[in-house]
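What follows is a single structure, written as structure tokens, with notes after it.
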Amino acid sequence: MKINFPNEIAKNNDHILTLNGGLEGKFVFNTNDCIGKGNYGKIFTGRDMYTYEEVAIKMEHITSMELFKEHRNYRIIGTGQRFHNVHGFPTIYYLGNLGLKYTAMAMELLGPSLNELFIRCGCIFSLKTVLMIADQMITRIEFMHDCKLVHRDLKPENLAIGRTQQTLPYKESMENTIYLIDLGMAKEYVDPVSGMHIPFSRQAGVFGTYQFMSANSHENIEQSRKDDLEVLGYILLFFVNGTLPWIKYLENENSMDLDKCGEMKRTISIKNLCDGLPEEFAIYFDYVRKMDFFEEPDYERLRLMFYTLYKQNEFPEDHIFDWSAEAD
Ligand SMILES: Nc1ncnc2c1ncn2[C@@H]1O[C@H](COP(=O)(O)OP(=O)(O)OP(=O)(O)O)[C@@H](O)[C@H]1O
């Protein structure tokens with residue numbers, strides 16, 4: 001089979017590719033139907049020719065091992081998901097080679113990312129929507145942590161809503177469910193052999209996305225469960241305020257000041273960080289900042305705190321997000 005990645009020139013029908021997953025499916029996709037791209041690869045819409053289900057195909061160059069790592073992490077999550085009947089992570093159908101040059105993973109097709117929806121909604125979300133996101137995301141992160149993984153790259157692009165109802169094959173609407181995707185940077189924080197928490201390290205490398213990564217990650221410090229919660233806090237602030245205090249250091253790609261960005265995350269007072277917001281945001285950051293590297297977060301306490309704020313504001317439990325009228 002001739003492989004034709006979008007960067008190369010498409011001729012005739014070279015852009016129609018088939019990923020043969022044997023008993024697991026036969027996935028056909030068109031490289032013109034790209035729905036997303038990241039640092040390592042691209043994502044296309046495709047179809048499983050056996051079930052006729054629309055799928056997403058994530059494709060990377062074979063030399064990049066990221067997709068193998070991501071697939072492994074999804075399998076860990078998938079096992080837990082089936083056992084506990086949990087939603088909010090895409091189902092993975094198949095991982096295999098595509099010719100000699102590429103690796104491709106077929107997975108459940110989702111709706112738009114929260115980044116896309118944020119832009120559609122005018123780059124700001126209401127407090128109601130932010131609190132609904134907080135509730136689901138704390139639950140997703142808790143589940144990942146229960147599976148002994150830390151995500152290490154939470155950002156609006158890696159949160160996506162499910163699709164509206166599909167008729168062929170019939171699937172219920174998941175548009176009110178926020179999915180956590182892109183587990184390529186996730187890491188086990190518990191050593192599978194010894195069962196011990198991984199050690200604290202100051203040479204772990206920088207993982208994440210500058211805008212949202214934890215203050216410690218800027219310093220090469222190993223990430224643990226507290227970092228995922230810190231990053232979630234920044235995402236919520238970004239959604240509710242439409243910006244973050246350190247954005248000014250990242251605006252120009254050629255002159256990004258990462259040191260100042262990291263320093264600001266470390267030193268900014270919680271009062272300034274959460275200025276103008278309900279005190280629950282400050283309580284959240286105060287809790288997360290005081291957490292120890294090895295500590296298990298009290299997810300229920302954080303969820304309950306935001307839920308109480310939701311009720312105090314008399315927001316209806318109607319599952320209507322700011323984008324609900326928009327999304328398809
Ligand atoms: N299953 C899916 N269904 C629909 N869209 C998806 C799916 N997976 C990914 N996408 C879209 O593609 C984008 C990039 O996907 P993903 O983050 O997995 O790629 P990546 O190469 O790992 O990115 P990065 O290098 O930024 O970490 C996402 O932001 C999302 O918009």
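To be explicit about the labels: the chains of the structure tokens are called A, B, and onward in the order shown, and within each one the residues are counted from 1, while ligands get numbers from 1 in the order they are shown.
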Can I get the residues of segment 173-216 of chain A within 12 Å of segment 128-139 of chain A, each with the closest pair of atoms and their distance in Å to one decimal, using only C-alpha atoms, sorted chain first then ascending number, as CSV?
residue,atom,partner,partner_atom,distance
A:Asn176,CA,A:Met132,CA,9.8
A:Thr177,CA,A:Gln136,CA,7.8
A:Ile178,CA,A:Gln136,CA,6.8
A:Tyr179,CA,A:Met137,CA,8.5
A:Leu180,CA,A:Met137,CA,8.0
A:Ile181,CA,A:Met137,CA,11.7
- Selection as a PyMOL selection string: residues within 10 Å of ligand 1 by only C-alpha atoms and all ligand atoms: chain A and resi 34-45+54-60+66-67+70+89-92+105-116+153-163+179-185+208-209
- Message: Can you pull out every residue from segment 109-230 of chain A that DSSP, working from the backbone, puts in alpha helix (DSSP H), and format the result as an NGL selection string?
- Response: :A and (114-120 or 127-146 or 215-218 or 225-230)
- Looking at only C-alpha atoms, which of A:Asp48, A:Glu296, A:Glu188, A:Asp259 is the one that sits closest to Asn220 of chain A?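 Selected residue with least distance to Asn220 of chain A: A:Asp259.
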- So which residues touch Gly80 of chain A within 9 Å, counting only C-alpha atoms, skipping near sequence neighbours fewer than 4 positions away, as a ChimeraX atom specification? /A:75-76,84-86,143,146-147
Can you spit out the residues from that selection as a short mmCIF file (atom, residue, chain, number, x, y, z; two decimals), in the first residue's frame, using N, CA, C and O atoms?
data_model
loop_
_atom_site.label_atom_id
_atom_site.label_comp_id
_atom_site.auth_asym_id
_atom_site.auth_seq_id
_atom_site.Cartn_x
_atom_site.Cartn_y
_atom_site.Cartn_z
N ARG A 75 -4.71 1.81 27.45
CA ARG A 75 -5.08 0.44 27.82
C ARG A 75 -5.21 0.31 29.34
O ARG A 75 -6.10 -0.38 29.84
N ILE A 76 -4.30 0.97 30.05
CA ILE A 76 -4.39 0.96 31.52
C ILE A 76 -5.72 1.58 31.94
O ILE A 76 -6.47 1.03 32.76
N HIS A 84 -15.01 -0.42 36.18
CA HIS A 84 -15.81 0.49 37.02
C HIS A 84 -16.93 1.18 36.25
O HIS A 84 -17.63 2.02 36.81
N ASN A 85 -17.10 0.84 34.96
CA ASN A 85 -18.12 1.46 34.12
C ASN A 85 -18.04 2.99 34.15
O ASN A 85 -19.00 3.69 34.49
N VAL A 86 -16.85 3.48 33.84
CA VAL A 86 -16.58 4.92 33.90
C VAL A 86 -16.58 5.49 32.49
O VAL A 86 -16.17 4.84 31.54
N PHE A 143 -9.89 9.56 38.47
CA PHE A 143 -9.88 8.22 37.89
C PHE A 143 -8.50 7.87 37.32
O PHE A 143 -8.00 6.76 37.50
N ASP A 146 -6.36 7.08 40.11
CA ASP A 146 -6.69 5.75 40.64
C ASP A 146 -6.02 4.66 39.80
O ASP A 146 -5.72 3.57 40.29
N CYS A 147 -5.84 4.96 38.50
CA CYS A 147 -5.17 4.01 37.61
C CYS A 147 -3.65 4.18 37.67
O CYS A 147 -2.92 3.66 36.81
#
- Taking into account only C-alpha atoms, which residue in the set A:Leu229, A:Leu23, A:Val193, A:Met49 is nearest to Phe293 of chain A?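 That would be A:Leu229, the residue with the smallest distance to Phe293 of chain A.
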I'd like the neighbourhood of Glu53 of chain A as a CSV table (one decimal) with N, CA, C and O atoms, in the first residue's frame, where a residue qualifies if any of its atoms comes within 10 Å (using only C-alpha atoms), though same-chain residues fewer than 5 positions away should be ignored.
chain,number,residue,atom,x,y,z
A,27,PHE,N,-10.2,0.0,9.1
A,27,PHE,CA,-10.4,1.5,9.2
A,27,PHE,C,-10.0,2.2,7.9
A,27,PHE,O,-8.8,2.0,7.5
A,46,GLY,N,-12.3,8.9,10.2
A,46,GLY,CA,-12.3,7.7,9.3
A,46,GLY,C,-13.5,6.9,9.6
A,46,GLY,O,-14.4,7.3,10.4
A,47,ARG,N,-13.6,5.7,9.1
A,47,ARG,CA,-14.7,4.8,9.3
A,47,ARG,C,-14.3,3.4,9.5
A,47,ARG,O,-13.3,3.0,8.9
A,48,ASP,N,-14.9,2.7,10.5
A,48,ASP,CA,-14.7,1.3,10.6
A,48,ASP,C,-15.6,0.6,9.6
A,48,ASP,O,-16.8,0.7,9.6
A,108,GLU,N,-12.2,6.1,19.4
A,108,GLU,CA,-13.6,6.7,19.4
A,108,GLU,C,-13.5,8.2,18.9
A,108,GLU,O,-12.6,8.9,19.4
A,109,LEU,N,-14.4,8.5,18.0
A,109,LEU,CA,-14.4,9.9,17.5
A,109,LEU,C,-15.2,10.8,18.5
A,109,LEU,O,-16.3,10.4,18.9
A,166,GLN,N,-25.5,9.2,17.7
A,166,GLN,CA,-25.2,8.6,16.4
A,166,GLN,C,-26.2,7.6,16.0
A,166,GLN,O,-26.7,6.9,16.9
A,167,THR,N,-26.6,7.6,14.8
A,167,THR,CA,-27.6,6.6,14.4
A,167,THR,C,-27.1,5.3,13.8
A,167,THR,O,-27.7,4.3,13.9
A,168,LEU,N,-25.8,5.4,13.3
A,168,LEU,CA,-25.3,4.2,12.6
A,168,LEU,C,-23.9,3.9,13.0
A,168,LEU,O,-23.0,4.6,12.5
A,169,PRO,N,-23.6,3.1,13.9
A,169,PRO,CA,-24.5,2.3,14.8
A,169,PRO,C,-25.0,3.2,15.9
A,169,PRO,O,-24.4,4.2,16.2
A,170,TYR,N,-26.2,2.8,16.4
A,170,TYR,CA,-26.8,3.7,17.4
A,170,TYR,C,-25.9,3.8,18.7
A,170,TYR,O,-25.4,2.9,19.2
A,171,LYS,N,-25.7,5.1,19.1
A,171,LYS,CA,-25.0,5.4,20.3
A,171,LYS,C,-25.7,6.6,20.9
A,171,LYS,O,-26.0,7.5,20.3
- Message: If I take atom CA of Asn20 of chain A and atom CA of Leu98 of chain A, how far is one from the other in Å, to one decimal?
- Response: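 Taking atom CA of Asn20 of chain A as the start and atom CA of Leu98 of chain A as the end point, the length is 8.4 Å.
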- Message: Could you check the closest approach to Glu263 of chain A for each of A:Lys187, A:His218, A:His145, A:Arg225 and tell me which residue wins, using only C-alpha atoms?
- Response: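 Closest candidate: A:His218.
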- Item | Proximity to Ile198 of chain A - best of A:Glu279, A:Glu251, A:Glu295, A:Glu219, only C-alpha atoms |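 Going through A:Glu279, A:Glu251, A:Glu295, A:Glu219 one by one, the smallest distance to Ile198 of chain A is for A:Glu295.
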If you run DSSP on this backbone, which residues of segment 125-248 of chain A come out as strand (DSSP E), and could you give them as a CSV table (one decimal) with C-alpha atoms, in the first residue's frame?
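Final output, result_22.csv:
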chain,number,residue,atom,x,y,z
A,149,LEU,CA,-1.2,7.6,36.1
A,150,VAL,CA,-0.6,11.4,36.1
A,159,LEU,CA,-10.4,18.1,26.8
A,160,ALA,CA,-13.1,17.3,24.3
A,161,ILE,CA,-16.9,16.8,24.5
A,166,GLN,CA,-25.2,8.6,16.4
A,167,THR,CA,-27.6,6.6,14.4
A,170,TYR,CA,-26.8,3.7,17.4
A,171,LYS,CA,-25.0,5.4,20.3
A,178,ILE,CA,-16.1,16.0,28.9
A,179,TYR,CA,-13.4,13.6,27.8
A,180,LEU,CA,-9.8,13.6,28.7
A,187,LYS,CA,3.3,8.6,33.4
A,188,GLU,CA,2.9,6.1,36.2
Give me the residues within 10 Å of Phe118 of chain A as an mmCIF file with N, CA and C atoms, in the first residue's frame, counting only C-alpha atoms and dropping any in the same chain fewer than 6 places off.
data_model
loop_
_atom_site.group_PDB
_atom_site.id
_atom_site.type_symbol
_atom_site.label_atom_id
_atom_site.label_comp_id
_atom_site.auth_asym_id
_atom_site.auth_seq_id
_atom_site.Cartn_x
_atom_site.Cartn_y
_atom_site.Cartn_z
ATOM 1 N N ILE A 124 -14.399 33.237 26.584
ATOM 2 C CA ILE A 124 -14.755 33.322 28.014
ATOM 3 C C ILE A 124 -15.892 32.323 28.265
ATOM 4 N N PHE A 125 -15.842 31.706 29.437
ATOM 5 C CA PHE A 125 -16.949 30.829 29.834
ATOM 6 C C PHE A 125 -17.593 31.418 31.086
ATOM 7 N N PRO A 156 -6.762 22.964 27.489
ATOM 8 C CA PRO A 156 -8.097 22.948 26.858
ATOM 9 C C PRO A 156 -8.149 22.103 25.584
ATOM 10 N N PHE A 238 -8.306 30.310 33.397
ATOM 11 C CA PHE A 238 -8.244 30.757 32.001
ATOM 12 C C PHE A 238 -9.655 30.836 31.417
ATOM 13 N N PHE A 239 -10.457 29.831 31.711
ATOM 14 C CA PHE A 239 -11.816 29.796 31.178
ATOM 15 C C PHE A 239 -12.691 30.917 31.754
ATOM 16 N N GLY A 242 -10.720 34.407 30.881
ATOM 17 C CA GLY A 242 -10.354 34.605 29.474
ATOM 18 C C GLY A 242 -8.864 34.811 29.277
ATOM 19 N N ASP A 322 -22.211 26.640 28.160
ATOM 20 C CA ASP A 322 -22.307 27.845 27.306
ATOM 21 C C ASP A 322 -22.406 27.465 25.833
ATOM 22 N N TRP A 323 -21.785 26.362 25.472
ATOM 23 C CA TRP A 323 -21.741 25.986 24.056
ATOM 24 C C TRP A 323 -22.904 25.087 23.651
#
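Near Phe281 of chain A, within a cut-off of 9 Å and counting only C-alpha atoms, sit the residues Gly233, Leu236, Leu237, Ile270, Cys274, Leu277, Pro278, Tyr284, Phe285, Asp286 and Phe306 of chain A, with same-chain residues fewer than 3 positions away left out.
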- Message: What's the separation between atom CA of Cys121 of chain A and atom CA of Cys261 of chain A, in Å to one decimal place?
- Response: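 Between atom CA of Cys121 of chain A and atom CA of Cys261 of chain A the gap works out to 26.7 Å.
With atom CA of Ser214 of chain A on one side and atom CA of Trp246 of chain A on the other, the separation reads 12.3 Å.
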